[in-house]
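**Student:** My questions will all concern the structure given below.
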Amino acid sequence: MWPITESLHLIRYLLVWKVNRKMVRLPHCLPVDLSRVLGTLIAERLPTREAQPWRKALSKWDAYEGDAADSRPRDRHKPRPGQPDRNTPVPQIAWPIETVLFVYPGKQIYGQGELIFWELKLAGTSADHGLFLEVILPAMEEASTTTDPRWSHPNSLWGGFDIQSIYAARGLHWEPVARDGKLDLRQRVPPTWWAEGRTFTSDSERALDQLSWSTGFDLPTPPATRAPTLSQILEALTARLSAFRPGKHLANADVWQSLSPDDQAALRRAIEQAAEFPVVRQQIGPAPKGWPGKWGGSQKFLLIPDPIVPYLELASILHIGRQTHFGCGTFIIK
């Protein structure tokens, strides 16, 4: 295990949902619907006191025009009542627990028996397998069979799928938590499994120089450039580390102090070295309307030096910038 990861708590769940309707049309932005539908069901299942922070967080949706859970066809110029306006930016909303909802690239329409893949990441103090089993999974099970008209309608995902399988990341491998709908209650998922056996070293036989954003991103980059530099990405990673440490979130200065002297020195050297390799080409444009994040696309650097690769790999797993709850801020390097 890479020393810098030893104090970072994270559980990565891979969810495999199997469509059980003749046809399902996914919502325009599935991460947004996952957040709102599952979050609402969680809040409704919790005792009043425990539900309060959930209701407070979810109340921000009230100011967002329409209902993000409804994916029925509509006039492309005028959204129907009860649906979001894609021209309205997705608000800065997150669950009261540290989570990332990362949907794997796929299609809009699925037939019966087809599989939908997505990751749920629990971070920091929220990286608790018990929390997943007792709070989040029951809401998923309810969402899979719901007939509630707020969510379910013909061709809707909600009420139209089975939870086929659940896996938890153990280093580079996925360990089964549930198969064919049967949950293994004996399986323990510690919050350090995700990094077990990972070396965070580049195994590419050629020099790496490209970064392609898998989701939208929103980093504090100058508007004229749009594409963040390697240094800015590493600085965003440093700020992000706080969310993955158990206990209270730390200020950036405290995050530095929480690292070992060797880790501090190595990260500073990486940030300084990154400044020597500028962006030489970019294809960065606005994120799709109705999706979180500000920008998307790809960029090319003069070179991505080997010492920086482990930090970029870590950043891609943790997600960086704003709206990480919806899966923003992850990428692949090549």
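Chain labels run A, B, ... following the order of the structure tokens; each chain numbers its residues from 1, and ligands are numbered from 1 in the order shown.
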Would you return as a count of residues only the members of region 52-240 of chain A that DSSP assigns to helix (DSSP H, G or I) on this structure's backbone?

**Tutor:** 46

**Student:** Can you tell me, as a list of chain:residue names, what residues are no more than 8 Å from region 224-240 of chain A when counting only C-alpha atoms, ignoring any on the same chain fewer than 2 positions away?

**Tutor:**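 Skipping anything fewer than 2 positions along the chain leaves A:Leu219, A:Thr221, A:Pro222, A:Ser242, A:Ala243, A:Phe244, A:Ala251, A:Asn252, A:Val255, A:Trp256, A:Ile271, A:Glu272, A:Ala274, A:Ala275, A:Phe277, A:Pro278, A:Val279, A:Gln282, A:Ile284, A:Gly285, A:Trp295, A:Gln299, A:Tyr311, A:Leu312, A:Ala315, A:Leu318, A:His319, A:Ile320, A:Gly321.
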
**Student:** So that I have them on file, write out the residues from the current selection with N, CA, C and O atoms, as a compact mmCIF listing (two decimals), in the first residue's frame.

**Tutor:**
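Written file, part_15.txt:
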```txt
# COMPACT_ATOMS: atom_id res chain seq x y z
N LEU A 219 -13.15 22.87 -11.77
CA LEU A 219 -11.98 23.26 -10.99
C LEU A 219 -11.80 24.77 -11.13
O LEU A 219 -12.23 25.37 -12.12
N THR A 221 -10.13 26.98 -12.49
CA THR A 221 -9.16 27.30 -13.53
C THR A 221 -9.55 28.60 -14.23
O THR A 221 -10.73 28.94 -14.29
N PRO A 222 -8.58 29.33 -14.78
CA PRO A 222 -8.90 30.58 -15.50
C PRO A 222 -9.86 30.30 -16.66
O PRO A 222 -9.63 29.36 -17.42
N SER A 242 -8.89 15.71 2.41
CA SER A 242 -9.54 15.89 3.70
C SER A 242 -10.82 15.07 3.82
O SER A 242 -11.12 14.53 4.89
N ALA A 243 -11.58 14.95 2.72
CA ALA A 243 -12.86 14.24 2.77
C ALA A 243 -12.70 12.76 3.02
O ALA A 243 -13.66 12.09 3.40
N PHE A 244 -11.51 12.23 2.81
CA PHE A 244 -11.30 10.78 2.91
C PHE A 244 -10.61 10.37 4.20
O PHE A 244 -10.31 9.20 4.39
N ALA A 251 -8.74 21.71 7.16
CA ALA A 251 -8.37 22.76 6.22
C ALA A 251 -7.14 22.30 5.44
O ALA A 251 -6.42 21.39 5.85
N ASN A 252 -6.91 22.94 4.27
CA ASN A 252 -5.78 22.51 3.42
C ASN A 252 -4.46 22.47 4.17
O ASN A 252 -3.66 21.54 4.02
N VAL A 255 -4.35 19.46 6.25
CA VAL A 255 -4.14 18.24 5.46
C VAL A 255 -2.66 18.02 5.25
O VAL A 255 -2.14 16.91 5.40
N TRP A 256 -1.95 19.09 4.92
CA TRP A 256 -0.51 18.97 4.75
C TRP A 256 0.14 18.47 6.03
O TRP A 256 0.98 17.56 6.01
N ILE A 271 4.22 18.58 -7.30
CA ILE A 271 3.55 19.82 -7.72
C ILE A 271 4.53 20.75 -8.42
O ILE A 271 4.22 21.37 -9.44
N GLU A 272 5.74 20.85 -7.88
CA GLU A 272 6.76 21.70 -8.50
C GLU A 272 7.16 21.16 -9.87
O GLU A 272 7.31 21.92 -10.83
N ALA A 274 5.34 19.30 -11.81
CA ALA A 274 4.21 19.40 -12.72
C ALA A 274 4.19 20.73 -13.45
O ALA A 274 3.74 20.82 -14.60
N ALA A 275 4.67 21.79 -12.80
CA ALA A 275 4.66 23.12 -13.41
C ALA A 275 5.55 23.19 -14.65
O ALA A 275 5.41 24.11 -15.47
N PHE A 277 5.56 21.07 -17.09
CA PHE A 277 4.97 20.36 -18.23
C PHE A 277 3.59 20.95 -18.52
O PHE A 277 2.58 20.49 -18.00
N PRO A 278 3.54 21.98 -19.36
CA PRO A 278 2.29 22.71 -19.62
C PRO A 278 1.32 21.93 -20.52
O PRO A 278 1.68 20.92 -21.15
N VAL A 279 0.10 22.43 -20.58
CA VAL A 279 -0.90 21.94 -21.54
C VAL A 279 -0.50 22.45 -22.92
O VAL A 279 -0.29 23.65 -23.10
N GLN A 282 -5.74 21.32 -26.18
CA GLN A 282 -6.93 21.01 -25.40
C GLN A 282 -8.16 20.97 -26.29
O GLN A 282 -8.25 21.68 -27.29
N ILE A 284 -11.49 21.16 -24.77
CA ILE A 284 -12.33 21.32 -23.60
C ILE A 284 -13.52 22.22 -23.95
O ILE A 284 -13.34 23.30 -24.52
N GLY A 285 -14.71 21.74 -23.65
CA GLY A 285 -15.91 22.52 -23.92
C GLY A 285 -16.89 22.41 -22.77
O GLY A 285 -16.65 21.66 -21.81
N TRP A 295 -17.11 21.80 -17.27
CA TRP A 295 -16.40 21.53 -18.51
C TRP A 295 -16.24 20.03 -18.72
O TRP A 295 -16.40 19.24 -17.81
N GLN A 299 -7.31 16.79 -22.86
CA GLN A 299 -6.18 17.71 -22.98
C GLN A 299 -4.88 16.94 -23.09
O GLN A 299 -4.77 15.79 -22.64
N TYR A 311 -0.10 10.21 -8.34
CA TYR A 311 -1.00 11.22 -7.78
C TYR A 311 -2.21 11.42 -8.69
O TYR A 311 -3.33 11.63 -8.21
N LEU A 312 -1.99 11.36 -10.02
CA LEU A 312 -3.12 11.48 -10.94
C LEU A 312 -4.04 10.27 -10.81
O LEU A 312 -5.27 10.40 -10.84
N ALA A 315 -6.06 10.82 -7.77
CA ALA A 315 -7.07 11.86 -8.00
C ALA A 315 -8.25 11.31 -8.80
O ALA A 315 -9.41 11.67 -8.54
N LEU A 318 -10.45 9.35 -6.33
CA LEU A 318 -11.11 10.16 -5.30
C LEU A 318 -12.07 11.19 -5.88
O LEU A 318 -12.96 11.66 -5.18
N HIS A 319 -11.87 11.58 -7.15
CA HIS A 319 -12.62 12.66 -7.81
C HIS A 319 -12.18 14.01 -7.20
O HIS A 319 -11.93 14.09 -6.00
N ILE A 320 -12.09 15.02 -8.01
CA ILE A 320 -11.60 16.32 -7.56
C ILE A 320 -12.51 17.45 -8.03
O ILE A 320 -13.27 17.30 -8.98
N GLY A 321 -12.40 18.59 -7.36
CA GLY A 321 -13.18 19.76 -7.74
C GLY A 321 -14.55 19.77 -7.07
O GLY A 321 -14.76 19.17 -6.03
```

**Student:** Enumerate as a PyMOL selection string all residues of region 77-280 of chain A assigned to strand (DSSP E or B) by DSSP on the backbone, naming them with the chain letters and numbers the document uses.

**Tutor:** chain A and resi 99-103+109-111+115-123+161-170+173-179+182-183+208-213+217+279-280

**Student:** Those same residues, written as a compact mmCIF listing (two decimals), in the first residue's frame with C-alpha atoms?

**Tutor:**
```txt
# COMPACT_ATOMS: atom_id res chain seq x y z
CA THR A 99 -20.49 9.95 -1.19
CA VAL A 100 -19.72 9.76 -4.89
CA LEU A 101 -22.28 8.44 -7.40
CA PHE A 102 -20.31 7.49 -10.50
CA VAL A 103 -22.25 6.01 -13.42
CA ILE A 109 -32.45 2.95 -23.49
CA TYR A 110 -32.10 -0.56 -22.04
CA GLY A 111 -34.08 -3.70 -22.79
CA LEU A 115 -27.29 -4.53 -17.12
CA ILE A 116 -26.60 -1.04 -15.77
CA PHE A 117 -23.29 -0.47 -13.95
CA TRP A 118 -22.44 2.27 -11.49
CA GLU A 119 -20.21 2.89 -8.48
CA LEU A 120 -21.12 4.15 -5.06
CA LYS A 121 -18.14 5.47 -3.10
CA LEU A 122 -18.33 6.08 0.64
CA ALA A 123 -15.53 8.23 2.03
CA PHE A 161 -34.84 -3.31 -12.12
CA ASP A 162 -33.38 -6.03 -9.92
CA ILE A 163 -30.18 -5.65 -7.90
CA GLN A 164 -28.26 -8.36 -9.73
CA SER A 165 -24.89 -8.11 -7.98
CA ILE A 166 -22.87 -5.93 -5.62
CA TYR A 167 -19.07 -5.94 -5.39
CA ALA A 168 -16.58 -4.09 -3.21
CA ALA A 169 -13.16 -3.03 -4.49
CA ARG A 170 -10.18 -4.79 -2.97
CA HIS A 173 -10.13 -6.68 -7.86
CA TRP A 174 -13.83 -6.76 -6.99
CA GLU A 175 -15.00 -8.96 -4.11
CA PRO A 176 -18.65 -10.10 -4.21
CA VAL A 177 -20.99 -8.71 -1.57
CA ALA A 178 -24.18 -9.97 -3.26
CA ARG A 179 -24.73 -12.31 -6.21
CA LYS A 182 -28.43 -12.92 -2.47
CA LEU A 183 -26.54 -10.84 0.08
CA LEU A 208 1.98 9.34 -21.01
CA ASP A 209 0.86 12.80 -22.12
CA GLN A 210 -2.96 12.85 -22.39
CA LEU A 211 -5.78 13.24 -19.91
CA SER A 212 -9.41 12.58 -20.87
CA TRP A 213 -12.17 13.62 -18.48
CA PHE A 217 -15.34 18.80 -13.96
CA VAL A 279 -0.90 21.94 -21.54
CA VAL A 280 0.01 21.96 -25.24
```

**Student:** Neighbours of Asp128 (chain A) within 8 Å (only C-alpha atoms; same-chain residues fewer than 4 positions away dropped), as an mmCIF file with N, CA and C atoms, in the first residue's frame?

**Tutor:**
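Output file part-v2.cif is given in full below:
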```cif
data_model
loop_
_atom_site.group_PDB
_atom_site.id
_atom_site.type_symbol
_atom_site.label_atom_id
_atom_site.label_comp_id
_atom_site.auth_asym_id
_atom_site.auth_seq_id
_atom_site.Cartn_x
_atom_site.Cartn_y
_atom_site.Cartn_z
ATOM 1 N N ILE A 11 -14.685 3.179 0.628
ATOM 2 C CA ILE A 11 -15.254 1.913 0.180
ATOM 3 C C ILE A 11 -15.892 2.160 -1.179
ATOM 4 N N LEU A 122 -18.148 5.518 -0.695
ATOM 5 C CA LEU A 122 -18.332 6.083 0.638
ATOM 6 C C LEU A 122 -16.964 6.472 1.173
ATOM 7 N N PHE A 132 -23.869 1.152 4.643
ATOM 8 C CA PHE A 132 -24.362 0.719 3.338
ATOM 9 C C PHE A 132 -25.473 -0.315 3.500
ATOM 10 N N PRO A 190 -13.558 -3.601 4.966
ATOM 11 C CA PRO A 190 -12.863 -2.536 5.684
ATOM 12 C C PRO A 190 -12.593 -1.343 4.776
ATOM 13 N N PRO A 191 -12.446 -0.147 5.352
ATOM 14 C CA PRO A 191 -12.286 1.067 4.541
ATOM 15 C C PRO A 191 -10.901 1.237 3.928
#
```

**Student:** Which residues are near Met23 (chain A)? Cut-off 10 Å, only C-alpha atoms, ignore same chain within fewer than 2 positions. Put them as a list in words.

**Tutor:** Val19, Asn20, Arg21, Arg25, Leu26, Ile109, Tyr110, Gly111, Gln112, Gly113, Glu114, Pro154, Asn155, Ser156, Leu157 and Gly160 of chain A

**Student:** Take the residues just selected and output them with C-alpha atoms as a JSON list (two decimals), in the first residue's frame.

**Tutor:**
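Once written, result-v5.json looks like this:
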```
[["chain", "number", "residue", "atom", "x", "y", "z"],
["A", 19, "VAL", "CA", -33.60, -4.28, -16.10],
["A", 20, "ASN", "CA", -36.80, -6.29, -15.59],
["A", 21, "ARG", "CA", -39.12, -4.21, -17.75],
["A", 25, "ARG", "CA", -35.37, 4.88, -20.60],
["A", 26, "LEU", "CA", -32.74, 6.27, -18.24],
["A", 109, "ILE", "CA", -32.45, 2.95, -23.49],
["A", 110, "TYR", "CA", -32.10, -0.56, -22.04],
["A", 111, "GLY", "CA", -34.08, -3.70, -22.79],
["A", 112, "GLN", "CA", -35.21, -6.42, -20.43],
["A", 113, "GLY", "CA", -32.28, -8.37, -19.00],
["A", 114, "GLU", "CA", -29.67, -5.74, -19.83],
["A", 154, "PRO", "CA", -43.96, 3.41, -17.90],
["A", 155, "ASN", "CA", -40.37, 2.93, -19.11],
["A", 156, "SER", "CA", -38.95, 4.39, -15.89],
["A", 157, "LEU", "CA", -35.87, 2.85, -14.29],
["A", 160, "GLY", "CA", -38.06, -1.59, -13.17]]
```

**Student:** Could you list, as a ChimeraX atom specification, every residue within 8 Å of Asp306 (chain A), counting only C-alpha atoms and ignoring same-chain residues fewer than 2 positions away?

**Tutor:** /A:201-202,304,308-310

**Student:** Nearest to Val16 (chain A) among A:Asp180, A:Glu313, A:Glu142, A:Glu44, with distances taken over only C-alpha atoms: which residue is it?

**Tutor:**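 Between A:Asp180, A:Glu313, A:Glu142, A:Glu44, the residue approaching Val16 (chain A) most closely is A:Asp180.
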
**Student:** What's the 12 Å shell around Asp33 (chain A), counting only C-alpha atoms, without same-chain residues fewer than 2 positions away, as a PyMOL selection string?

**Tutor:** chain A and resi 26-31+35-41+58+61+67-71+83-84+90+101-103+143+150-151+156-158+290-292+325-326

**Student:** Can you write out the residues you just picked, keeping C-alpha atoms, as a PDB file, in the first residue's frame?

**Tutor:**
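Wrote it out as out33.pdb, contents follow:
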```
ATOM      1  CA  LEU A  26     -32.739   6.268 -18.243  1.00  0.00           C
ATOM      2  CA  PRO A  27     -33.173   9.766 -16.798  1.00  0.00           C
ATOM      3  CA  HIS A  28     -31.363  12.529 -18.636  1.00  0.00           C
ATOM      4  CA  CYS A  29     -28.679  12.533 -15.929  1.00  0.00           C
ATOM      5  CA  LEU A  30     -28.722   9.307 -13.910  1.00  0.00           C
ATOM      6  CA  PRO A  31     -26.342  10.493 -11.128  1.00  0.00           C
ATOM      7  CA  SER A  35     -29.000  11.296  -5.602  1.00  0.00           C
ATOM      8  CA  ARG A  36     -32.534  12.602  -5.402  1.00  0.00           C
ATOM      9  CA  VAL A  37     -34.540   9.362  -5.516  1.00  0.00           C
ATOM     10  CA  LEU A  38     -32.319   7.268  -3.244  1.00  0.00           C
ATOM     11  CA  GLY A  39     -31.700  10.246  -0.953  1.00  0.00           C
ATOM     12  CA  THR A  40     -35.434  10.859  -0.573  1.00  0.00           C
ATOM     13  CA  LEU A  41     -36.156   7.188   0.113  1.00  0.00           C
ATOM     14  CA  LEU A  58     -32.577  17.412  -0.125  1.00  0.00           C
ATOM     15  CA  TRP A  61     -33.919  20.458  -4.801  1.00  0.00           C
ATOM     16  CA  ASP A  67     -38.502  16.805 -10.757  1.00  0.00           C
ATOM     17  CA  ALA A  68     -35.170  15.251 -11.753  1.00  0.00           C
ATOM     18  CA  ALA A  69     -36.610  11.779 -11.246  1.00  0.00           C
ATOM     19  CA  ASP A  70     -38.941  11.970 -14.268  1.00  0.00           C
ATOM     20  CA  SER A  71     -37.437  10.868 -17.580  1.00  0.00           C
ATOM     21  CA  GLN A  83     -39.349  17.888 -15.021  1.00  0.00           C
ATOM     22  CA  PRO A  84     -36.012  19.710 -14.861  1.00  0.00           C
ATOM     23  CA  VAL A  90     -27.500  21.398 -11.486  1.00  0.00           C
ATOM     24  CA  LEU A 101     -22.281   8.440  -7.400  1.00  0.00           C
ATOM     25  CA  PHE A 102     -20.307   7.494 -10.503  1.00  0.00           C
ATOM     26  CA  VAL A 103     -22.254   6.012 -13.415  1.00  0.00           C
ATOM     27  CA  ALA A 143     -36.398   1.902  -5.508  1.00  0.00           C
ATOM     28  CA  ARG A 150     -43.164  10.484  -7.947  1.00  0.00           C
ATOM     29  CA  TRP A 151     -40.610   8.143  -9.497  1.00  0.00           C
ATOM     30  CA  SER A 156     -38.948   4.388 -15.885  1.00  0.00           C
ATOM     31  CA  LEU A 157     -35.874   2.845 -14.292  1.00  0.00           C
ATOM     32  CA  TRP A 158     -37.458   3.174 -10.859  1.00  0.00           C
ATOM     33  CA  GLY A 290     -28.553  19.471 -17.465  1.00  0.00           C
ATOM     34  CA  TRP A 291     -25.420  17.666 -16.234  1.00  0.00           C
ATOM     35  CA  PRO A 292     -23.272  18.652 -13.255  1.00  0.00           C
ATOM     36  CA  HIS A 325     -21.160  13.752  -5.252  1.00  0.00           C
ATOM     37  CA  PHE A 326     -22.497  13.377  -8.803  1.00  0.00           C
TER      38      PHE A 326
END
```

**Student:** Nearest to Val24 (chain A): which of A:Arg245, A:Arg281, A:Lys294, A:Lys107 is it, counting only C-alpha atoms?

**Tutor:** A:Lys107

**Student:** Using only C-alpha atoms, find the one residue out of A:Asp62, A:Glu276, A:Glu6, A:Glu205 that sits nearest to Ser260 (chain A).

**Tutor:**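 Residue with the minimum atom-to-atom distance to Ser260 (chain A): A:Glu6.
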